[in-house]
Each structure stands twice: as structure tokens, then as C-alpha cells.
Amino acid sequence: MMSKYSVRNGNNMPLQAPLIPDPFVPYKCPGNRSLNVYCRVEQAALDAYLAPTPFKAAGDVILVYISDFTACDKIPFMDAGLVVPVSYMGRTGGYFLFEYEDEDAAIAAGRDLWGYPKKFGTIDLLENESGVRGTVTRKNTTIISLECQFSDEVNFPKPATTPHLNIHVQPGPDGKVLSRRIIERDTSPDFKLTREHKGSASAALRSLSTDPLAEFEPIEILGATYVVGDFYATEANGWGRTIGTC
């Protein structure tokens, strides 16, 4: 019987049925929700993680977040991670130390196109009248737990975490590194804010042997924001660009 599937000449694997939608950009996510918890950590822990990179820590406050992209028109997914404000060649931005998603196409797109260090995780984000909470579970272990109680009286400094500055590593077929590039990406100019809450927060990080998040404990919680709005990855800002090698 003849197949009804039309083979596509995709820009990713497998060629006959590409995992990543092609083109991936533009895409949008109306009603995108993000819980952002800002934490002060030991400077020595940050410096140890950044030592093999060309980045320098821009302070001792990191972002731990959970974001709901389930209304995305290309790939519905949940997203979470740890972002470190860094400096690089006169720029400041956010470097993703850890990132988790629950959809293989979204993981592949972020890793292959722009170097986000994505792994699989089960993620939830639940809102009520007084606050919001969320968790990230990987290999039957809850590695991230976040909670925010809304309070407009809470004030705290929020370090810059955009543009994103990622290290995109492409392995070679001979076991060596084919390329290692610095990718800059910033979709924030096209985000349309609907509402934002501030609040007090709690956060807990746990480790797996492959995901040592608890090495940043103990952490000092400065506060949280809960942001709702329409996310757009446009032709102008949705793609990334190479700004260096390492």
C-alpha cells in the first residue's frame, strides 16, 4: 500500500520525518506563564561551574524558574531551569547551567539550534488566588521545588538574564568536538506582558548523579515574580546568532 506521508526535506534528523518542525521559527505561545525565583548562592560554587567556560559570574544571584509553554503553536511543552547572570566580551546575559523540558522535539530544537542544555523532566506549575507553586521531577526524584506567595510589598534586585548566552557544542563523528560556539538569543523584546505578581518564595534543589543541583545549597531566597503574557519567537528575534568560539 502506498504511504500517504509526504517525505520532507527537513533541516534535522530523521530526514524522512524530522523531529523538529521546519522551520521552527516563528512560533508563539499565548498565555505563557513563568514562576521566577531569585536566589543568592555561594560565589565559589558559581565560579567552579563557570571555570571551564569563557563566562564570568555577574554577581552571586541566580534565577530558578518554571515556565508553561503548553499553548505553543509549534510544540506544546513545559520548561524549567537554572540561569546564571554572566559577562562575556563586554556583554551581560544569562547562561543556562541546567534546563529541563517534557517534550522530545522541544528538547532537540533548543539543544540543536541554540545550545540550550536541555534534558527530560516532568514539570508542573499550579496557580491559585494567593500564589503559585511548581516542581521538576527527573528519574523519580523531585530536583526543583518552587513556591511563591503573592505580595506587592516584596522588593528585591533582579539581575539581567537576557540575552541568553549558550555554549553550543557539536560533537564530531570521530569522538572529537566538531565545533564549540557561543550563541546569543533574545526573544524578550517581543514578549507582551499581561500581568505580573511579586512575592515571597521558597525553593529547594536536589541532586541526581547527573544533575547536581543541590551543590548550590544553601541558598538565600530574595523573592519571586510570576509573569503571564504572550510569548513570540519572531523572525527578527526568535533565531540565535554566533558571537564567538571557545
# chains A, B, ... in the order shown; residues from 1 in each chain; ligands from 1
>>> closest_atom_pairs(of="range 50-169 of chain A", to="range 213-226 of chain A", cutoff="12 Å", atoms="only C-alpha atoms", output="CSV")
residue,atom,partner,partner_atom,distance
A:Asp60,CA,A:Glu220,CA,10.4
A:Val61,CA,A:Leu222,CA,8.8
A:Ile62,CA,A:Ile219,CA,9.7
A:Leu63,CA,A:Ala224,CA,9.4
A:Val64,CA,A:Ala224,CA,9.4
A:Tyr65,CA,A:Ala224,CA,9.3
A:Ile66,CA,A:Tyr226,CA,9.8
A:Ser67,CA,A:Tyr226,CA,9.6
A:Asp68,CA,A:Tyr226,CA,11.4
A:Gly81,CA,A:Leu213,CA,10.0
A:Leu82,CA,A:Leu213,CA,8.7
A:Val83,CA,A:Leu213,CA,11.8
A:Val84,CA,A:Phe216,CA,11.7
A:Leu97,CA,A:Leu213,CA,9.4
A:Phe98,CA,A:Leu213,CA,8.2
A:Glu99,CA,A:Leu213,CA,10.8
A:Leu125,CA,A:Tyr226,CA,10.8
A:Leu126,CA,A:Tyr226,CA,11.3
A:Glu127,CA,A:Tyr226,CA,9.6
A:Asn128,CA,A:Tyr226,CA,11.8
A:Ser130,CA,A:Tyr226,CA,11.4
A:Gly131,CA,A:Tyr226,CA,8.6
A:Val132,CA,A:Tyr226,CA,7.8
A:Arg133,CA,A:Tyr226,CA,10.0
A:Gly134,CA,A:Tyr226,CA,11.5
A:Val136,CA,A:Leu213,CA,11.7
A:Arg138,CA,A:Leu213,CA,11.9
A:Thr141,CA,A:Leu213,CA,11.9
A:Thr142,CA,A:Leu213,CA,11.0
A:Ile143,CA,A:Leu213,CA,7.3
A:Ile144,CA,A:Leu213,CA,8.3
A:Ser145,CA,A:Leu213,CA,11.5
A:Leu146,CA,A:Ala224,CA,9.5
A:Glu147,CA,A:Ala224,CA,8.6
A:Cys148,CA,A:Ala224,CA,6.3
A:Gln149,CA,A:Ala224,CA,8.6
A:Phe150,CA,A:Thr225,CA,8.5
A:Ser151,CA,A:Ala224,CA,9.6
A:Asp152,CA,A:Thr225,CA,10.0
A:Glu153,CA,A:Gly223,CA,10.7
A:Val154,CA,A:Gly223,CA,7.1
A:Asn155,CA,A:Gly223,CA,7.4
A:Phe156,CA,A:Leu222,CA,6.1
A:Pro157,CA,A:Leu222,CA,7.9
A:Lys158,CA,A:Leu222,CA,9.1
A:Pro159,CA,A:Leu222,CA,11.4
>>> residues_around(residues="range 11-28 of chain A", least_positions_apart="4", cutoff="7 Å", atoms="only C-alpha atoms", output="ChimeraX atom specification")
/A:7,72-74,105,108-109,231-235,238-239
>>> write_last_selection(atoms="C-alpha atoms", output="tab-separated table (two decimals), in the first residue's frame")
chain	number	residue	atom	x	y	z
A	7	VAL	CA	8.68	12.91	2.72
A	72	CYS	CA	2.82	26.93	21.97
A	73	ASP	CA	1.59	26.61	18.39
A	74	LYS	CA	4.59	24.54	17.18
A	105	ALA	CA	11.02	17.86	19.93
A	108	ALA	CA	16.04	18.71	20.38
A	109	ALA	CA	15.17	22.14	18.99
A	231	PHE	CA	5.49	34.87	24.06
A	232	TYR	CA	6.69	35.35	20.49
A	233	ALA	CA	9.74	33.93	18.75
A	234	THR	CA	9.74	36.18	15.69
A	235	GLU	CA	11.86	36.12	12.56
A	238	GLY	CA	13.49	34.19	17.55
A	239	TRP	CA	16.67	32.90	15.95
>>> select_by_dssp(residues="chain A", states="helix (DSSP H, G or I)", output="list of chain:residue names")
A:Gln43, A:Ala44, A:Ala45, A:Leu46, A:Asp47, A:Ala48, A:Tyr49, A:Leu50, A:Asp104, A:Ala105, A:Ala106, A:Ile107, A:Ala108, A:Ala109, A:Gly110, A:Arg111, A:Asp112, A:Leu113, A:Trp114, A:Ser188, A:Pro189, A:Asp190, A:Leu213, A:Ala214, A:Glu215, A:Phe216
>>> write_last_selection(atoms="C-alpha atoms", output="PDB file, in the first residue's frame")
ATOM      1  CA  GLN A  43      30.171  32.650  44.852  1.00  0.00           C
ATOM      2  CA  ALA A  44      32.649  29.763  44.963  1.00  0.00           C
ATOM      3  CA  ALA A  45      30.030  27.344  43.614  1.00  0.00           C
ATOM      4  CA  LEU A  46      29.270  29.640  40.677  1.00  0.00           C
ATOM      5  CA  ASP A  47      32.929  30.193  39.905  1.00  0.00           C
ATOM      6  CA  ALA A  48      33.594  26.453  39.901  1.00  0.00           C
ATOM      7  CA  TYR A  49      30.855  25.814  37.346  1.00  0.00           C
ATOM      8  CA  LEU A  50      31.899  28.715  35.135  1.00  0.00           C
ATOM      9  CA  ASP A 104      11.492  15.491  22.888  1.00  0.00           C
ATOM     10  CA  ALA A 105      11.018  17.862  19.931  1.00  0.00           C
ATOM     11  CA  ALA A 106      11.376  20.919  22.176  1.00  0.00           C
ATOM     12  CA  ILE A 107      14.488  19.429  23.791  1.00  0.00           C
ATOM     13  CA  ALA A 108      16.041  18.711  20.382  1.00  0.00           C
ATOM     14  CA  ALA A 109      15.168  22.139  18.993  1.00  0.00           C
ATOM     15  CA  GLY A 110      16.736  24.051  21.868  1.00  0.00           C
ATOM     16  CA  ARG A 111      19.858  21.868  22.017  1.00  0.00           C
ATOM     17  CA  ASP A 112      20.490  21.506  18.283  1.00  0.00           C
ATOM     18  CA  LEU A 113      19.677  25.036  17.167  1.00  0.00           C
ATOM     19  CA  TRP A 114      20.892  27.195  20.056  1.00  0.00           C
ATOM     20  CA  SER A 188      12.347  39.290  25.277  1.00  0.00           C
ATOM     21  CA  PRO A 189      11.705  42.361  23.063  1.00  0.00           C
ATOM     22  CA  ASP A 190       8.610  40.677  21.587  1.00  0.00           C
ATOM     23  CA  LEU A 213      21.670  20.966  41.560  1.00  0.00           C
ATOM     24  CA  ALA A 214      21.986  20.659  45.340  1.00  0.00           C
ATOM     25  CA  GLU A 215      25.599  21.792  45.116  1.00  0.00           C
ATOM     26  CA  PHE A 216      24.165  25.327  45.163  1.00  0.00           C
TER      27      PHE A 216
END
>>> closest_residue(among="A:Thr245, A:Ser209, A:Asn166, A:Ser34", to="Asp124 in chain A", atoms="only C-alpha atoms")
A:Ser34
>>> closest_residue(among="A:Asp211, A:Asp230, A:Glu196, A:Asp186", to="Gly94 in chain A", atoms="only C-alpha atoms")
A:Asp186
>>> select_by_dssp(residues="range 2-246 of chain A", states="strand (DSSP E or B)", output="ChimeraX atom specification")
/A:27-40,56-57,61-69,77-88,91-101,118-120,122-127,131-138,141-150,164-171,177-185,192-205,207-208,211-212,220-233,241-245
>>> residues_around(residues="Ile243 in chain A", least_positions_apart="3", cutoff="7 Å", atoms="only C-alpha atoms", output="ChimeraX atom specification")
/A:182-184
>>> residues_around(residues="Pro85 in chain A", least_positions_apart="6", cutoff="6 Å", atoms="only C-alpha atoms", output="list in words")
Ala58, Gly93, Gly94 and Thr161 of chain A
>>> atom_distance(atom1="CA of Thr210 in chain A", atom2="CA of Phe55 in chain A")
22.1 Å
>>> residues_around(residues="Gly121 in chain A", least_positions_apart="5", cutoff="9 Å", atoms="only C-alpha atoms", output="PyMOL selection string")
chain A and resi 78-80+99-103+136-139
>>> residues_around(residues="Val228 in chain A", least_positions_apart="5", cutoff="7 Å", atoms="only C-alpha atoms", output="list in words")
Gly31, Asn32, Arg33, Ser34, Leu193, Thr194, Arg195 and Glu196 of chain A
